[in-house]
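Some notes on the structure that comes next.
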Amino acid sequence: MTSVLGFAAAPESVFPRLEPLLMRVSKPVQYVGGELNSVVKDWSACNVRWCLMYPDAYEVGQPNQGVQILYEVLNELDDVLAERTYAVWPDLEALMREHGIPQFTVDAHRPVGAFDIFGLSFSTELGYTNMLNALDLAGIPVESRDRDDSHPIVISGGHAAFNPEPIADFIDAAVLGDGEQISRVITAIVRDWKAEGRPGGRDELLLRLARTGGVYVPRFYDVSYSPDGRIAAVTPNRDGVPARVSKHTLMDLDEWPYPKKPLVPLAETVHERYSVEIFRGCTRGCRFCQAGMITRPVRERSIDTIGAMVDAGLKASGFSEVGLLSLSSADHSEIGEVAKQLGDRYEHTNTSLSLPSTRVDAFNVDLANEFSRNGRRSGLTFAPEGGSERMRKVINKMVTEEDLIRTVTTAYAQGWRRVKLYFMCGLPTETDDDVIQIAGLARKVIEAGRQASGTRDIACTVSIGGFVPKAHTPFQWAAQLDHETTDARLAKLRDAIRADKQYGRAIGFRYHDGKPGIVEGLLSRGDRRVGRIIKQVWLDGGRFDGWSEHFSFDRWMSSAQLALADEPVDVDWYTTRERQRDEVLPWDHLDSGLDKDWLWQDWQDALSEVEVDDCRWTPCFDCGVCDTMGTDIQIGPTGRQLLPLTVVNGKNS
Amino acid sequence: MARVQRQPDARDVAPAVQRLRVHFAKRGRLRFTSHRDFQRVFERAVRRADVPVAYSAGFSPHPKISYIGAAATGAASEAEYLEISLTQRWDPQLLRDALDDALPPGFDIVEVVEPAPGAQPLADRINASHWLVMIGGVSTATLAAAVDAFMAADTLPVERVLKDGRRTLDARAAVVSLIVRGEPLGGSAHARLATGAESAGVAEIDRPGSYAILDMVVRHLTPAVRPDDVLAGLRLVSDLPPQLSPLVTRLAQGLLDETGRLADPLAPDRAVAAGSPAAAGEPVA
């Protein structure tokens, strides 16, 4: 398979060869495409062809907002086509290898290797092995250096792209931040380069991308190491390649109301709803939260755009649920009006509204009430994150125990029956006692709930996972808690809850063991040497690391031992080791806008339990983002209204 | 503090005023959808088409749509049925067009009829299916010999994994008729029907040589005997290869008459709608 001639003729669909195999795999419908609002364009009428991948199973990847938005933004361009591919399960993989069927798109079942650009979106690092597998199935060499002009340019994006160093050997480029505009810039560069007859081949194309300053091309940066294993320097090795690569920030979300035509799956997926981002960014300043740090500043979508998108999205999809997404949805400056007016519009219609990611305060219960007009008041979720007051100061999650009790009391009094509380274990400076205090908190929640509701028929679920330090956060220097201590601490909490004779039975306890967190930690703060581990794991059969039934901690550890045998570093060095201020971090040359000195100060503030406010309501505290990126906070209130729409159930009445 | 008890308001639920019977097909690549997949897709199509479907009362209202049987995942079908209740009267033809437009190609509405009040339940008009099974890599002669042996057997116990564990079914008992169709190569109407136009190249690419077509009428028993079970039965009495990846299509469902043919389950409703006295229904197969 070669694309020297640019595949002027469309590559053959693999479907005729795939179809006879589909009866032999589980859930074959995920591979057939044909979803409502999917797009199949004429191959030969397009100059630039993108294949987009969310590197997980279809049921997880299909609802991903990032991929759906780019799919639409790119397909709107006349001479551009974008198709999608997802990770295939091992049963189909085996058959594809047996019958020589390459990784294919679900839209037109074209081989991934025939596209110009292969773009992968990583929300989590646990998709890295799936990327290698997809590349290999596509017939694309897994290592960038082995590719030639016939292969697609492999680009990664998504939150994990803020430290792409562990996959630097496998990708050709990475893009940081919002993809809407930069994807079109990349398209234009590829279009011109192809039109000019591909001068200088692949290397020249990558150089043109790198010189924009907005596309990171790992091969144009050399990494040198000190004898002790730390990075000595990261240096550009080509003229015109910037020392630091900047993230992209989409300003004015009202100008980009995507997705307009949401993809509606035939197969069952994890989120079957129409999702509208009501704002991007968050400046609450929770120190563990990478999303909040790398997506600054806050940019709101205005109430009338939200209203129009919800209306159009429901009509285009037939979904019966709307999700209003953001990192902290109740923080939208007009959320009260959004909730009330959407509640009015869809009352008595069997359309339900949901507002994930809410804060712990009574106002959120009011919002939840608006959103539950059509349905049952079953469960409300709050995320205090830290078990003790002290921990919440360390992580800058400003919720007092009084706040929490007041909030859940309101919720139970208004008919909610179940409250779910999210926590993290293994936060910096945490002791057993900080986590065991969660049991006491849950006990008070049940006590308050029984009083407020007048019934014993209420419950509280405590859900707790291990904390993983991430790049570009104040905790990027922190030591990750080892999995043995994490598991022991969680066991103590479980025992404390079970020992409570009076309330224990009303408290549910869900937790994740600490081992996957160590691998996630290795991948999220790793450098280029970690790539060898990823490849070794994949060669050893590692796939679908986000799935407990496929994840193998032992495989990761034995692969790490093998891959790092000649290095002065090991898994502990990457995970449980605290970094010093002067250490060159693997992602220092990737600019999220956050000032490293500010991050360090925030880390020191965390250790001394000093809280930081939100810059939406207090003066700027110089995190550095707006100055570096030339961006501004964009918030309301606008004072505008939702479009006055009447929803009619039925026509020809 | 006062205890708040929320109850759904019965007055919110509009009553159903019309019940319509829908005959639809599952074709081409959509044969890989499961029944649950179809349900979700159909309910969304109903919403997009603004069909005034009735909802059940209660805290989790669901649309009043009932499905009569369902071809298994992987089987295409020309004869699937459901009933839908509406809160406003709609012309059956209008509903047919609106739903057909809103559904993805491959889920196609064949016909919508309004049964007379007190009409016999649809389920009582269906007790068997007519299937067409395309099998690659097998010659017509081999298959014909297997069919003869199959029909000559008294019982043919085959195993299948059901929700409640392994069960043994009698594949022979359910089969009313089983014949091998003539040479299908070159694309007979039935072959096109079974595969859908998009996969016309299957036989040439993956299974050089011939493929054969089985035509069978199978009674609906509990647990159901599927075309796959009949193939398993054929394997018991012959040396058919184990991996056949057959293409299965249900051509019709209906009530078996004494000649072994199936009566169209919607024929009596159609006859009533047309003003003529309800006949027994013309044979469809």
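Ordering of the structure tokens sets the chain letters (A, B, ...); residue numbers start at 1 within each chain; ligands are numbered from 1 in the order shown.
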Exercise. Compile the residues of chain A that lie within 6 Å of chain B, evaluated using only C-alpha atoms, and express the compilation as a list in words.
Key: Pro16, Pro20, Pro28, Val29, Leu266, Ala267, Lys315, Gly318, Gly375, Arg376, Gly415, Ala452, Ser453, Gly454, Asn649 and Gly650 of chain A
How about saving the chosen residues, C-alpha atoms kept, as a CSV table (one decimal), in the first residue's frame?
```
chain,number,residue,atom,x,y,z
A,16,PRO,CA,-16.6,-6.8,2.0
A,20,PRO,CA,-18.1,-12.3,7.0
A,28,PRO,CA,-20.4,-6.3,15.7
A,29,VAL,CA,-22.6,-3.3,15.3
A,266,LEU,CA,-26.4,2.5,16.6
A,267,ALA,CA,-24.5,0.7,19.3
A,315,LYS,CA,-33.8,18.0,16.8
A,318,GLY,CA,-33.5,12.6,18.8
A,375,GLY,CA,-37.9,12.9,36.6
A,376,ARG,CA,-37.1,11.3,39.9
A,415,GLY,CA,-36.6,14.7,48.2
A,452,ALA,CA,-34.0,16.4,57.2
A,453,SER,CA,-36.0,13.8,55.3
A,454,GLY,CA,-37.8,12.1,58.2
A,649,ASN,CA,-45.0,17.0,21.3
A,650,GLY,CA,-46.4,15.9,18.0
```
I need the residues of segment 57-281 of chain A that end up classed as alpha helix (DSSP H) by DSSP on the backbone, written out as a PyMOL selection string. chain A and resi 58-61+65-75+90-99+128-138+180-195+201-210
>> I'd like the contact shell of His472 of chain A - 9 Å cut-off, only C-alpha atoms, skipping same-chain residues fewer than 2 positions apart - returned as a PyMOL selection string.
In response: chain A and resi 162-163+290+293-294+470+474-476+587-588+591-592+594+596+599
Expected file: the selected residues, N, CA and C atoms, as a CSV table (one decimal), in the first residue's frame:
```
chain,number,residue,atom,x,y,z
A,162,PHE,N,-0.4,17.4,26.7
A,162,PHE,CA,0.4,18.5,27.4
A,162,PHE,C,1.7,17.9,28.0
A,163,ASN,N,1.8,16.5,28.0
A,163,ASN,CA,3.1,15.9,28.2
A,163,ASN,C,3.2,14.7,27.3
A,290,GLN,N,-5.5,18.8,36.6
A,290,GLN,CA,-4.8,19.2,35.4
A,290,GLN,C,-5.7,20.0,34.4
A,293,MET,N,-6.0,23.6,35.2
A,293,MET,CA,-4.8,24.3,35.0
A,293,MET,C,-4.5,24.6,33.5
A,294,ILE,N,-4.8,23.6,32.7
A,294,ILE,CA,-4.3,23.7,31.3
A,294,ILE,C,-5.4,24.3,30.4
A,470,LYS,N,-0.1,15.3,38.0
A,470,LYS,CA,0.0,15.5,36.6
A,470,LYS,C,0.9,16.7,36.2
A,474,PRO,N,0.4,22.4,40.2
A,474,PRO,CA,1.3,22.7,41.3
A,474,PRO,C,1.8,21.4,41.9
A,475,PHE,N,1.1,20.3,41.7
A,475,PHE,CA,1.5,19.0,42.2
A,475,PHE,C,2.4,18.3,41.3
A,476,GLN,N,2.9,18.9,40.2
A,476,GLN,CA,3.8,18.2,39.3
A,476,GLN,C,5.1,17.8,39.9
A,587,TRP,N,8.2,18.3,30.4
A,587,TRP,CA,7.3,19.1,29.6
A,587,TRP,C,7.6,20.6,29.7
A,588,ASP,N,8.7,21.0,30.2
A,588,ASP,CA,9.0,22.4,30.4
A,588,ASP,C,9.0,23.2,29.1
A,591,ASP,N,4.3,24.9,26.4
A,591,ASP,CA,3.9,26.1,27.2
A,591,ASP,C,2.4,26.1,27.3
A,592,SER,N,1.9,25.8,28.6
A,592,SER,CA,0.5,25.9,28.9
A,592,SER,C,0.1,27.3,29.3
A,594,LEU,N,1.1,28.7,32.0
A,594,LEU,CA,1.3,28.8,33.5
A,594,LEU,C,2.7,29.1,33.7
A,596,LYS,N,6.0,28.9,35.6
A,596,LYS,CA,6.6,27.9,36.5
A,596,LYS,C,6.8,28.4,37.9
A,599,LEU,N,3.5,28.3,39.6
A,599,LEU,CA,3.2,26.9,40.0
A,599,LEU,C,3.9,26.5,41.2
```
Which neighbours of Gly118 of chain B fall inside 12 Å, counting only C-alpha atoms, when residues of the same chain fewer than 4 positions from it are skipped, and could you give them as a list in words?
Arg19, Glu114, Leu122, Asp269 and Val272 of chain B
Just N, CA and C atoms for this one: save the residues we selected as a PDB file, in the first residue's frame.
```pdb
ATOM      1  N   ARG B  19     -53.614   2.775  18.180  1.00  0.00           N
ATOM      2  CA  ARG B  19     -52.534   1.795  18.223  1.00  0.00           C
ATOM      3  C   ARG B  19     -52.306   1.308  16.791  1.00  0.00           C
ATOM      4  N   GLU B 114     -53.666   0.054  10.677  1.00  0.00           N
ATOM      5  CA  GLU B 114     -54.424   0.243  11.907  1.00  0.00           C
ATOM      6  C   GLU B 114     -55.371  -0.933  12.076  1.00  0.00           C
ATOM      7  N   LEU B 122     -51.418  -9.427  17.476  1.00  0.00           N
ATOM      8  CA  LEU B 122     -50.467  -9.772  16.414  1.00  0.00           C
ATOM      9  C   LEU B 122     -49.721 -11.063  16.750  1.00  0.00           C
ATOM     10  N   ASP B 269     -55.968  -7.106   9.098  1.00  0.00           N
ATOM     11  CA  ASP B 269     -56.106  -5.682   9.414  1.00  0.00           C
ATOM     12  C   ASP B 269     -56.243  -4.869   8.134  1.00  0.00           C
ATOM     13  N   VAL B 272     -59.707  -5.228   6.756  1.00  0.00           N
ATOM     14  CA  VAL B 272     -60.691  -4.431   7.485  1.00  0.00           C
ATOM     15  C   VAL B 272     -60.578  -2.969   7.063  1.00  0.00           C
TER      16      VAL B 272
END
```
